[in-house]
>>> print(open('data-v7.tsv').read())   # TSV, C-alpha atoms
chain	number	residue	atom	x	y	z
J	1	MET	CA	0.00	0.00	0.00
J	2	ALA	CA	1.32	3.39	-0.93
J	3	GLN	CA	2.34	5.58	1.97
J	4	PRO	CA	0.88	9.07	2.17
J	5	ALA	CA	3.20	11.75	0.93
J	6	GLN	CA	5.30	13.37	3.62
J	7	SER	CA	4.93	17.13	3.88
J	8	ALA	CA	8.10	19.15	3.85
J	9	VAL	CA	9.49	19.84	7.30
J	10	TRP	CA	10.60	23.44	7.82
J	11	PRO	CA	12.50	24.76	10.81
J	12	ASP	CA	10.24	26.39	13.38
J	13	GLU	CA	9.96	30.12	13.03
J	14	PRO	CA	11.44	32.04	15.95
J	15	THR	CA	8.79	32.83	18.54
J	16	PRO	CA	8.98	36.36	19.92
J	17	LEU	CA	8.84	36.75	23.68
J	18	ALA	CA	5.29	37.49	24.76
J	19	VAL	CA	4.85	40.94	26.26
J	20	ASP	CA	2.95	39.55	29.23
J	21	THR	CA	5.89	37.31	30.22
J	22	ALA	CA	8.01	40.28	31.29
J	23	PRO	CA	8.34	40.37	35.11
J	24	VAL	CA	6.53	43.65	35.81
J	25	PRO	CA	7.76	45.59	38.88
J	26	GLU	CA	5.73	45.35	42.09
J	27	TYR	CA	4.19	48.79	41.81
J	28	GLY	CA	1.96	49.59	44.76
J	29	THR	CA	3.29	47.00	47.20
J	30	GLY	CA	7.02	46.45	46.74
J	31	SER	CA	8.69	48.94	44.38
J	32	LEU	CA	11.03	51.86	45.04
J	33	ALA	CA	8.09	54.23	44.51
J	34	ASP	CA	6.42	52.70	47.56
J	35	LEU	CA	9.25	53.21	50.04
J	36	LEU	CA	9.07	56.87	51.08
J	37	PRO	CA	5.26	57.03	51.16
J	38	THR	CA	5.32	54.04	53.53
J	39	LEU	CA	7.91	55.64	55.82
J	40	ALA	CA	6.25	59.07	55.77
J	41	ALA	CA	2.79	57.62	56.41
J	42	GLY	CA	4.23	55.84	59.43
J	43	MET	CA	5.29	59.24	60.76
J	44	GLY	CA	1.81	60.66	60.30
J	45	VAL	CA	2.29	62.67	57.11
J	46	PRO	CA	-1.20	63.34	55.70
J	47	GLY	CA	-2.26	62.06	52.31
J	48	LEU	CA	0.14	59.11	52.20
J	49	THR	CA	-0.47	55.44	52.86
J	50	ARG	CA	1.71	52.55	53.96
J	51	ARG	CA	2.20	50.51	50.79
J	52	ILE	CA	4.94	48.10	51.83
J	53	PRO	CA	3.11	46.14	54.54
J	54	GLU	CA	6.24	44.45	55.89
J	55	LEU	CA	7.75	47.71	57.20
J	56	THR	CA	7.18	48.80	60.80
J	57	PRO	CA	6.85	52.55	61.46
J	58	ALA	CA	9.67	54.50	63.10
J	59	ASP	CA	9.91	58.11	64.29
J	60	ARG	CA	13.21	58.69	62.52
J	61	ASN	CA	13.88	57.20	59.10
J	62	CYS	CA	17.02	57.34	56.99
J	63	VAL	CA	17.26	56.03	53.42
J	64	PHE	CA	20.78	55.40	52.10
J	65	LEU	CA	20.62	54.85	48.34
J	66	ILE	CA	23.73	53.30	46.79
J	67	ASP	CA	23.62	53.90	43.06
J	68	GLY	CA	23.97	50.67	41.06
J	69	LEU	CA	24.17	48.19	43.94
J	70	GLY	CA	21.54	45.59	43.09
J	71	TRP	CA	20.36	42.68	45.19
J	72	GLU	CA	22.12	40.10	43.04
J	73	GLN	CA	25.44	41.95	43.30
J	74	ILE	CA	25.38	41.87	47.11
J	75	LYS	CA	24.50	38.17	47.15
J	76	ALA	CA	27.35	37.41	44.74
J	77	HIS	CA	30.05	39.20	46.79
J	78	PRO	CA	29.89	38.14	50.47
J	79	ASP	CA	33.65	38.51	50.94
J	80	GLU	CA	33.75	42.10	49.72
J	81	ALA	CA	30.58	43.10	51.55
J	82	PRO	CA	30.43	41.14	54.82
J	83	TYR	CA	28.35	43.74	56.65
J	84	LEU	CA	25.78	44.14	53.88
J	85	THR	CA	25.66	40.36	53.49
J	86	SER	CA	24.89	39.97	57.18
J	87	LEU	CA	21.85	42.20	56.66
J	88	LEU	CA	20.31	40.35	53.71
J	89	GLY	CA	17.80	38.63	55.98
J	90	THR	CA	16.53	42.00	57.23
J	91	SER	CA	15.52	43.11	53.74
J	92	ARG	CA	11.94	44.24	53.27
J	93	GLY	CA	10.90	44.06	56.88
J	94	GLY	CA	12.72	40.83	57.72
J	95	THR	CA	11.27	38.80	54.86
J	96	GLY	CA	14.67	38.54	53.20
J	97	ARG	CA	13.12	39.69	49.91
J	98	PRO	CA	14.18	42.56	47.64
J	99	LEU	CA	12.20	45.45	46.20
J	100	THR	CA	11.79	46.08	42.49
J	101	ALA	CA	13.23	49.21	40.96
J	102	GLY	CA	10.57	50.00	38.37
J	103	PHE	CA	10.87	50.16	34.59
J	104	PRO	CA	13.22	51.13	33.22
J	105	ALA	CA	15.73	50.29	35.93
J	106	THR	CA	17.81	53.42	35.49
J	107	THR	CA	18.91	56.27	37.73
J	108	ALA	CA	16.74	59.17	36.53
J	109	THR	CA	13.59	57.06	36.56
J	110	SER	CA	14.35	55.40	39.89
J	111	LEU	CA	15.31	58.58	41.74
J	112	ALA	CA	12.10	60.22	40.54
J	113	SER	CA	10.15	57.18	41.75
J	114	VAL	CA	11.88	57.27	45.13
J	115	GLY	CA	11.42	60.98	45.69
J	116	THR	CA	7.87	61.43	44.42
J	117	GLY	CA	6.47	58.08	45.50
J	118	LEU	CA	4.99	57.75	42.01
J	119	PRO	CA	5.55	55.20	39.24
J	120	PRO	CA	7.20	56.30	35.97
J	121	GLY	CA	3.93	56.61	34.08
J	122	VAL	CA	2.88	59.35	36.49
J	123	HIS	CA	6.07	61.23	37.42
J	124	GLY	CA	6.99	61.24	33.74
J	125	LEU	CA	10.66	60.26	33.62
J	126	PRO	CA	10.28	57.02	31.65
J	127	GLY	CA	13.91	56.43	30.76
J	128	TYR	CA	17.46	57.71	30.41
J	129	THR	CA	16.37	59.67	27.35
J	130	ALA	CA	12.82	60.23	26.15
J	131	ARG	CA	11.17	62.31	23.46
J	132	ASN	CA	9.64	65.62	24.46
J	133	PRO	CA	6.32	65.61	22.58
J	134	GLU	CA	6.26	69.43	22.66
J	135	THR	CA	9.54	69.83	20.78
J	136	GLY	CA	10.15	66.46	19.15
J	137	GLU	CA	13.63	66.38	20.68
J	138	LEU	CA	15.21	63.70	22.83
J	139	MET	CA	15.41	64.83	26.44
J	140	ASN	CA	18.21	63.42	28.60
J	141	GLN	CA	16.45	63.15	31.94
J	142	LEU	CA	19.61	62.49	33.96
J	143	ARG	CA	21.62	65.44	32.61
J	144	TRP	CA	18.50	67.53	31.81
J	145	LYS	CA	19.53	68.38	28.25
J	146	PRO	CA	18.15	70.21	26.40
J	147	TRP	CA	16.85	72.46	29.14
J	148	THR	CA	13.20	71.88	29.97
J	149	PRO	CA	11.25	73.68	32.74
J	150	PRO	CA	11.52	71.17	35.62
J	151	ARG	CA	8.09	71.75	37.16
J	152	VAL	CA	6.40	71.44	33.79
J	153	TRP	CA	8.16	68.15	33.16
J	154	GLN	CA	7.37	66.77	36.65
J	155	PRO	CA	4.65	68.77	38.45
J	156	TYR	CA	3.93	66.58	41.48
J	157	PRO	CA	5.26	67.38	44.99
J	158	THR	CA	7.96	65.18	46.45
J	159	VAL	CA	7.44	63.10	49.59
J	160	PHE	CA	10.13	65.26	51.21
J	161	GLN	CA	8.05	68.38	50.54
J	162	LEU	CA	4.94	66.77	51.99
J	163	ALA	CA	6.87	65.62	55.06
J	164	ASP	CA	8.44	69.04	55.56
J	165	GLU	CA	5.01	70.70	55.36
J	166	ALA	CA	3.77	68.24	58.00
J	167	GLY	CA	6.48	69.28	60.45
J	168	VAL	CA	8.87	66.38	59.90
J	169	HIS	CA	12.56	67.33	60.01
J	170	THR	CA	13.60	66.60	56.44
J	171	ALA	CA	17.07	66.58	54.91
J	172	GLN	CA	19.09	65.32	51.96
J	173	VAL	CA	22.82	64.66	52.38
J	174	SER	CA	24.65	64.18	49.10
J	175	SER	CA	27.40	65.54	46.86
J	176	PRO	CA	27.35	69.35	46.55
J	177	THR	CA	27.28	68.80	42.77
J	178	PHE	CA	23.65	67.71	42.96
J	179	GLU	CA	22.21	70.56	45.03
J	180	GLN	CA	20.97	72.71	42.15
J	181	THR	CA	20.33	70.08	39.48
J	182	PRO	CA	16.84	69.93	37.95
J	183	LEU	CA	16.60	66.22	38.79
J	184	THR	CA	17.17	67.01	42.47
J	185	LYS	CA	14.59	69.79	42.37
J	186	ILE	CA	11.81	67.67	40.85
J	187	ALA	CA	12.59	64.41	42.67
J	188	LEU	CA	14.42	65.01	45.94
J	189	SER	CA	13.73	68.56	47.11
J	190	GLY	CA	12.04	69.46	50.39
J	191	GLY	CA	13.58	70.43	53.70
J	192	ALA	CA	17.32	71.17	53.71
J	193	PHE	CA	20.03	70.01	51.30
J	194	HIS	CA	23.47	69.39	52.84
J	195	GLY	CA	26.39	68.92	50.46
J	196	ARG	CA	29.36	66.87	51.62
J	197	LEU	CA	32.16	65.50	49.47
J	198	SER	CA	33.36	62.35	51.21
J	199	GLY	CA	31.29	59.30	52.01
J	200	GLU	CA	32.36	59.44	55.65
J	201	GLU	CA	31.19	63.05	55.97
J	202	ARG	CA	27.83	62.13	54.49
J	203	MET	CA	27.33	59.25	56.93
J	204	ASP	CA	28.22	61.40	59.94
J	205	LEU	CA	25.98	64.27	58.87
J	206	ALA	CA	23.10	61.95	57.98
J	207	ALA	CA	23.23	60.58	61.52
J	208	GLU	CA	23.25	64.12	62.93
J	209	GLN	CA	20.28	65.14	60.81
J	210	LEU	CA	18.40	62.03	61.81
J	211	ALA	CA	18.79	63.01	65.46
J	212	ALA	CA	17.82	66.64	64.83
J	213	GLY	CA	14.07	66.11	65.05
J	214	ASP	CA	11.58	64.05	67.04
J	215	ARG	CA	10.35	62.95	63.61
J	216	SER	CA	13.00	62.90	60.89
J	217	LEU	CA	13.21	61.82	57.26
J	218	VAL	CA	16.77	61.82	55.91
J	219	TYR	CA	18.08	60.73	52.51
J	220	THR	CA	21.72	60.15	51.63
J	221	TYR	CA	23.33	58.93	48.43
J	222	TYR	CA	26.55	57.50	47.02
J	223	SER	CA	27.23	57.16	43.29
J	224	ASP	CA	30.68	55.68	42.68
J	225	VAL	CA	29.63	52.02	42.77
J	226	ASP	CA	27.58	52.74	39.67
J	227	GLY	CA	30.36	54.75	38.06
J	228	LYS	CA	32.95	52.01	38.45
J	229	GLY	CA	30.46	49.41	37.24
J	230	HIS	CA	29.75	51.30	34.04
J	231	ARG	CA	33.42	51.92	33.30
J	232	PHE	CA	35.03	48.68	34.39
J	233	GLY	CA	32.21	46.21	35.00
J	234	VAL	CA	30.82	44.56	38.11
J	235	ASP	CA	33.45	41.84	37.83
J	236	SER	CA	36.35	44.31	38.09
J	237	ASP	CA	38.72	45.04	40.95
J	238	ALA	CA	37.74	48.72	40.79
J	239	TRP	CA	34.08	47.85	41.32
J	240	ARG	CA	34.88	45.39	44.11
J	241	GLY	CA	36.91	48.11	45.84
J	242	GLN	CA	33.90	50.41	45.79
J	243	LEU	CA	31.72	47.66	47.20
J	244	MET	CA	34.15	47.19	50.08
J	245	TYR	CA	34.08	50.94	50.71
J	246	VAL	CA	30.28	51.27	50.85
J	247	ASP	CA	30.12	48.22	53.08
J	248	ARG	CA	32.15	50.20	55.61
J	249	LEU	CA	30.04	53.32	55.05
J	250	VAL	CA	26.83	51.48	55.89
J	251	GLN	CA	28.36	50.14	59.09
J	252	ARG	CA	29.63	53.61	60.00
J	253	LEU	CA	26.14	55.09	59.66
J	254	ALA	CA	24.48	52.17	61.44
J	255	GLU	CA	26.73	52.62	64.47
J	256	GLN	CA	25.60	56.25	64.85
J	257	LEU	CA	21.82	55.81	64.69
J	258	PRO	CA	19.98	57.88	67.31
J	259	PRO	CA	17.15	56.36	69.39
J	260	ARG	CA	13.88	55.41	67.67
J	261	ALA	CA	15.54	55.33	64.26
J	262	ALA	CA	15.45	53.02	61.26
J	263	LEU	CA	18.04	52.90	58.49
J	264	TYR	CA	17.11	51.49	55.08
J	265	VAL	CA	19.83	50.68	52.56
J	266	THR	CA	18.61	50.41	48.99
J	267	ALA	CA	19.63	51.09	45.39
J	268	ASP	CA	18.19	52.44	42.15
J	269	HIS	CA	19.04	49.42	39.98
J	270	GLY	CA	21.45	46.52	39.58
J	271	MET	CA	23.92	46.00	36.73
J	272	ILE	CA	25.14	43.42	34.26
J	273	ASP	CA	28.39	43.23	32.26
J	274	ILE	CA	27.89	42.89	28.51
J	275	PRO	CA	30.61	41.27	26.35
J	276	PHE	CA	32.17	43.31	23.56
J	277	ASP	CA	31.13	41.24	20.58
J	278	GLU	CA	28.67	41.69	17.73
J	279	GLN	CA	26.21	39.16	19.11
J	280	SER	CA	26.00	40.90	22.49
J	281	ARG	CA	26.16	44.50	21.26
J	282	ILE	CA	23.77	45.15	18.40
J	283	ASP	CA	24.70	48.47	16.79
J	284	PHE	CA	21.60	50.43	15.78
J	285	ASP	CA	23.71	52.95	13.87
J	286	GLU	CA	25.06	50.15	11.65
J	287	ASP	CA	21.84	48.15	11.23
J	288	TRP	CA	19.70	49.36	8.32
J	289	GLU	CA	16.87	47.01	9.25
J	290	LEU	CA	16.44	48.40	12.77
J	291	ARG	CA	16.87	51.99	11.56
J	292	ALA	CA	14.16	51.78	8.90
J	293	GLY	CA	11.26	54.05	9.77
J	294	VAL	CA	12.83	55.24	13.03
J	295	ALA	CA	12.95	58.98	13.69
J	296	LEU	CA	14.58	58.86	17.15
J	297	LEU	CA	16.20	56.21	19.32
J	298	GLY	CA	15.78	56.88	23.03
J	299	GLY	CA	16.27	55.10	26.32
J	300	GLU	CA	19.48	53.12	26.75
J	301	GLY	CA	20.99	49.86	25.60
J	302	ARG	CA	18.81	47.48	27.61
J	303	ALA	CA	15.63	49.57	27.67
J	304	ARG	CA	14.96	51.30	24.36
J	305	HIS	CA	12.27	53.80	23.41
J	306	VAL	CA	11.88	53.77	19.64
J	307	TYR	CA	10.08	56.71	18.01
J	308	ALA	CA	8.84	56.02	14.50
J	309	VAL	CA	8.34	58.46	11.66
J	310	PRO	CA	4.62	59.24	11.23
J	311	GLY	CA	2.75	56.32	9.74
J	312	ALA	CA	5.55	53.78	10.28
J	313	GLN	CA	4.73	52.68	13.83
J	314	SER	CA	3.28	49.28	12.95
J	315	ASP	CA	6.09	48.49	10.50
J	316	VAL	CA	8.78	49.42	13.01
J	317	LEU	CA	7.13	47.27	15.66
J	318	ALA	CA	6.94	44.31	13.26
J	319	VAL	CA	10.60	44.59	12.25
J	320	TRP	CA	11.91	45.06	15.79
J	321	ARG	CA	9.86	42.12	16.98
J	322	GLU	CA	11.06	39.94	14.11
J	323	VAL	CA	14.74	40.87	14.50
J	324	LEU	CA	14.98	41.09	18.30
J	325	GLY	CA	11.92	39.30	19.65
J	326	GLU	CA	13.78	36.26	20.99
J	327	GLN	CA	16.22	38.44	22.97
J	328	PHE	CA	14.03	41.40	23.94
J	329	TRP	CA	10.49	41.89	25.10
J	330	VAL	CA	9.30	44.12	22.26
J	331	ALA	CA	6.03	45.96	22.78
J	332	GLY	CA	4.06	48.70	21.15
J	333	ARG	CA	3.45	51.73	23.37
J	334	ASP	CA	-0.11	50.76	24.24
J	335	GLU	CA	0.91	47.13	24.84
J	336	ALA	CA	3.64	48.18	27.28
J	337	ILE	CA	1.24	50.50	29.10
J	338	ALA	CA	-1.50	47.87	29.27
J	339	ALA	CA	1.00	45.33	30.61
J	340	GLY	CA	1.82	47.70	33.49
J	341	TRP	CA	5.47	48.31	32.60
J	342	PHE	CA	5.23	51.95	33.73
J	343	GLY	CA	2.73	51.46	36.55
J	344	ASP	CA	-1.03	51.23	36.79
J	345	ARG	CA	-1.61	54.47	34.90
J	346	VAL	CA	0.13	56.80	32.47
J	347	ASP	CA	-0.63	60.52	32.61
J	348	GLU	CA	-1.61	62.20	29.37
J	349	ARG	CA	1.47	64.43	29.43
J	350	VAL	CA	3.67	61.30	29.71
J	351	TYR	CA	2.02	59.21	26.99
J	352	GLY	CA	4.01	60.69	24.08
J	353	ARG	CA	7.30	60.40	25.98
J	354	ILE	CA	7.06	56.61	25.79
J	355	GLY	CA	8.35	55.08	22.57
J	356	ASP	CA	6.07	53.92	19.79
J	357	VAL	CA	8.03	50.71	20.37
J	358	VAL	CA	9.57	49.75	23.73
J	359	ALA	CA	12.29	47.07	23.79
J	360	ALA	CA	13.43	45.57	27.11
J	361	ALA	CA	16.33	43.12	27.13
J	362	HIS	CA	15.73	39.53	28.20
J	363	ASP	CA	19.14	38.11	27.28
J	364	ASP	CA	22.66	39.40	27.99
J	365	VAL	CA	22.53	41.81	25.06
J	366	VAL	CA	22.27	45.55	24.39
J	367	ILE	CA	21.32	47.81	21.51
J	368	ILE	CA	24.11	50.36	21.28
J	369	ALA	CA	24.39	53.40	19.01
J	370	SER	CA	28.10	53.74	18.35
J	371	VAL	CA	27.86	57.01	16.41
J	372	ASN	CA	25.20	58.90	18.33
J	373	GLU	CA	25.93	57.46	21.79
J	374	PRO	CA	29.68	56.80	21.82
J	375	HIS	CA	30.11	57.19	25.60
J	376	GLU	CA	27.16	55.00	26.56
J	377	SER	CA	28.05	52.42	23.89
J	378	ALA	CA	31.53	51.97	25.39
J	379	MET	CA	30.28	51.09	28.88
J	380	VAL	CA	31.04	47.65	30.29
J	381	GLY	CA	28.26	47.50	32.88
J	382	MET	CA	24.70	48.14	31.70
J	383	HIS	CA	21.18	48.20	33.17
J	384	GLY	CA	17.62	49.23	32.41
J	385	SER	CA	15.51	46.15	31.83
J	386	MET	CA	13.32	43.90	33.99
J	387	THR	CA	15.67	40.97	34.55
J	388	PRO	CA	16.41	40.15	38.22
J	389	VAL	CA	20.03	41.31	38.04
J	390	GLU	CA	18.87	44.81	37.04
J	391	GLN	CA	15.46	45.06	38.62
J	392	LEU	CA	15.91	43.67	42.15
J	393	VAL	CA	17.25	46.07	44.78
J	394	PRO	CA	17.83	45.55	48.51
J	395	LEU	CA	15.90	47.14	51.35
J	396	LEU	CA	18.28	46.27	54.17
J	397	GLU	CA	17.08	47.46	57.58
J	398	LEU	CA	18.78	48.45	60.83
J	399	ARG	CA	17.10	49.86	63.93
J	400	SER	CA	18.42	51.51	67.04
>>> encode(input="data-v7.tsv", output="structure tokens")
Amino acid sequence: MAQPAQSAVWPDEPTPLAVDTAPVPEYGTGSLADLLPTLAAGMGVPGLTRRIPELTPADRNCVFLIDGLGWEQIKAHPDEAPYLTSLLGTSRGGTGRPLTAGFPATTATSLASVGTGLPPGVHGLPGYTARNPETGELMNQLRWKPWTPPRVWQPYPTVFQLADEAGVHTAQVSSPTFEQTPLTKIALSGGAFHGRLSGEERMDLAAEQLAAGDRSLVYTYYSDVDGKGHRFGVDSDAWRGQLMYVDRLVQRLAEQLPPRAALYVTADHGMIDIPFDEQSRIDFDEDWELRAGVALLGGEGRARHVYAVPGAQSDVLAVWREVLGEQFWVAGRDEAIAAGWFGDRVDERVYGRIGDVVAAAHDDVVIIASVNEPHESAMVGMHGSMTPVEQLVPLLELRS
């Protein structure tokens, strides 16, 4: 008996990552945006609610944010960070669990989330760079270039301002460089700013400010862990040296806590080293397929906002999904919003700042732009996406 004809067998077509498989940050219960409202509500500041249920109120609260020190980096380096490692079990109210940074996991977005208590879709800093719908230009939200009126770009009050108005002693202790920056004004202003150069000076002054009121809310910051990670990578001796240094800084501050105080050590994002090869670093400026129909490329290597020329949005989405869909979560603007990437709502003024296409890295890969972003493209350490190594940040806790 004749056998039925065999149909030709073709290799399976690549299946793009489904948008709803991206691990969305825990907005509302366990993200960076929920930290200060929880602490301030515990001190009786009106209009705010306790969103992170695991945290117990304290009269005096200090947040020490270490730029670039993710949860996974602490866990991977117990020898360099013995003090921080000893505190891992205290994270998030003794649950031993991290917080999520928010999307994208990048400094400008995260600091705005911390300071305002709002998710990116509301505070309106949805990435390292984003298009200004009023001008059509890319706006660098970390360096604030080109100049944009800060209170137009981000009109909501900060938690520090609300706490200060409620009679809480409020202070920020950071590098003097940051005192007058627009990012500080829209995200971290309220109460008094104290500029100190060295890490030791910041720890000592933060402890003093914490003791200066019956109710106190103090924020302090250190950036060089992030800087060394970008330049040399999180597997470098330079980065490990910085980790050892901040480990000592945390202990120095912890040993000076006044009575009735809580110290929370957190970060704005983690970091991942990306190899310097063509497979790991896809160059947008050299890729005609990815450039087709694109007017502006925003965001950063692992969290891209793609702005299409008018009428080309669907084509750009199709091409980016076809070319990158196995390595990136690739979503149209409305898909990303509906999936909750930027929080549970997006303000009208923010809608056009989000890319027509949003691409978030799943694999150890970045989309660089060697011509238009030479400095960023040369970085070793990268961040921005929703993978655990970038997204998870500690909330280590010490109490007096």
>>> atom_distance(input="data-v7.tsv", atom1="atom CA of Ser86 of chain J", atom2="atom CA of Gly384 of chain J")
27.4 Å
>>> atom_distance(input="data-v7.tsv", atom1="atom CA of Pro98 of chain J", atom2="atom CA of Asp224 of chain J")
21.7 Å
>>> residues_around(input="data-v7.tsv", residues="Thr38 of chain J", least_positions_apart="6", cutoff="10 Å", atoms="all atoms listed in the file", output="PyMOL selection string")
chain J and resi 29+45+48-57+117
>>> write_last_selection(input="data-v7.tsv", atoms="C-alpha atoms", output="compact mmCIF listing (two decimals), in the frame of the given file")
# COMPACT_ATOMS: atom_id res chain seq x y z
CA THR J 29 3.29 47.00 47.20
CA VAL J 45 2.29 62.67 57.11
CA LEU J 48 0.14 59.11 52.20
CA THR J 49 -0.47 55.44 52.86
CA ARG J 50 1.71 52.55 53.96
CA ARG J 51 2.20 50.51 50.79
CA ILE J 52 4.94 48.10 51.83
CA PRO J 53 3.11 46.14 54.54
CA GLU J 54 6.24 44.45 55.89
CA LEU J 55 7.75 47.71 57.20
CA THR J 56 7.18 48.80 60.80
CA PRO J 57 6.85 52.55 61.46
CA GLY J 117 6.47 58.08 45.50
>>> closest_residue(input="data-v7.tsv", among="J:Ala108, J:Val225, J:Val234, J:Val371", to="Thr184 of chain J", atoms="all atoms listed in the file")
J:Ala108
>>> atom_distance(input="data-v7.tsv", atom1="atom CA of Gly115 of chain J", atom2="atom CA of Ser223 of chain J")
16.4 Å
>>> closest_residue(input="data-v7.tsv", among="J:Thr177, J:Thr387, J:Gln172, J:Ser400", to="Arg202 of chain J", atoms="all atoms listed in the file")
J:Gln172
>>> closest_residue(input="data-v7.tsv", among="J:Trp239, J:Phe193, J:Tyr245, J:Trp144", to="Met271 of chain J", atoms="only C-alpha atoms")
J:Trp239
>>> closest_residue(input="data-v7.tsv", among="J:Ile354, J:Gly270, J:Ala318, J:Val246", to="Met386 of chain J", atoms="only C-alpha atoms")
J:Gly270
>>> residues_around(input="data-v7.tsv", residues="Ala238 of chain J", least_positions_apart="2", cutoff="12 Å", atoms="all atoms listed in the file", output="list in words")
Glu80, Asp224, Val225, Asp226, Gly227, Lys228, Gly229, His230, Arg231, Phe232, Gly233, Val234, Asp235, Ser236, Arg240, Gly241, Gln242, Leu243, Met244 and Tyr245 of chain J
>>> closest_atom_pairs(input="data-v7.tsv", of="segment 358-395 of chain J", to="segment 127-140 of chain J", cutoff="12 Å", atoms="only C-alpha atoms", output="JSON lines")
{"residue": "J:Val358", "atom": "CA", "partner": "J:Gly127", "partner_atom": "CA", "distance": 10.6}
{"residue": "J:Ala359", "atom": "CA", "partner": "J:Gly127", "partner_atom": "CA", "distance": 11.8}
{"residue": "J:Ala360", "atom": "CA", "partner": "J:Gly127", "partner_atom": "CA", "distance": 11.5}
{"residue": "J:Asn372", "atom": "CA", "partner": "J:Leu138", "partner_atom": "CA", "distance": 12.0}
{"residue": "J:Glu373", "atom": "CA", "partner": "J:Thr129", "partner_atom": "CA", "distance": 11.3}
{"residue": "J:Glu376", "atom": "CA", "partner": "J:Tyr128", "partner_atom": "CA", "distance": 10.8}
{"residue": "J:His383", "atom": "CA", "partner": "J:Tyr128", "partner_atom": "CA", "distance": 10.6}
{"residue": "J:Gly384", "atom": "CA", "partner": "J:Gly127", "partner_atom": "CA", "distance": 8.3}
{"residue": "J:Ser385", "atom": "CA", "partner": "J:Gly127", "partner_atom": "CA", "distance": 10.5}
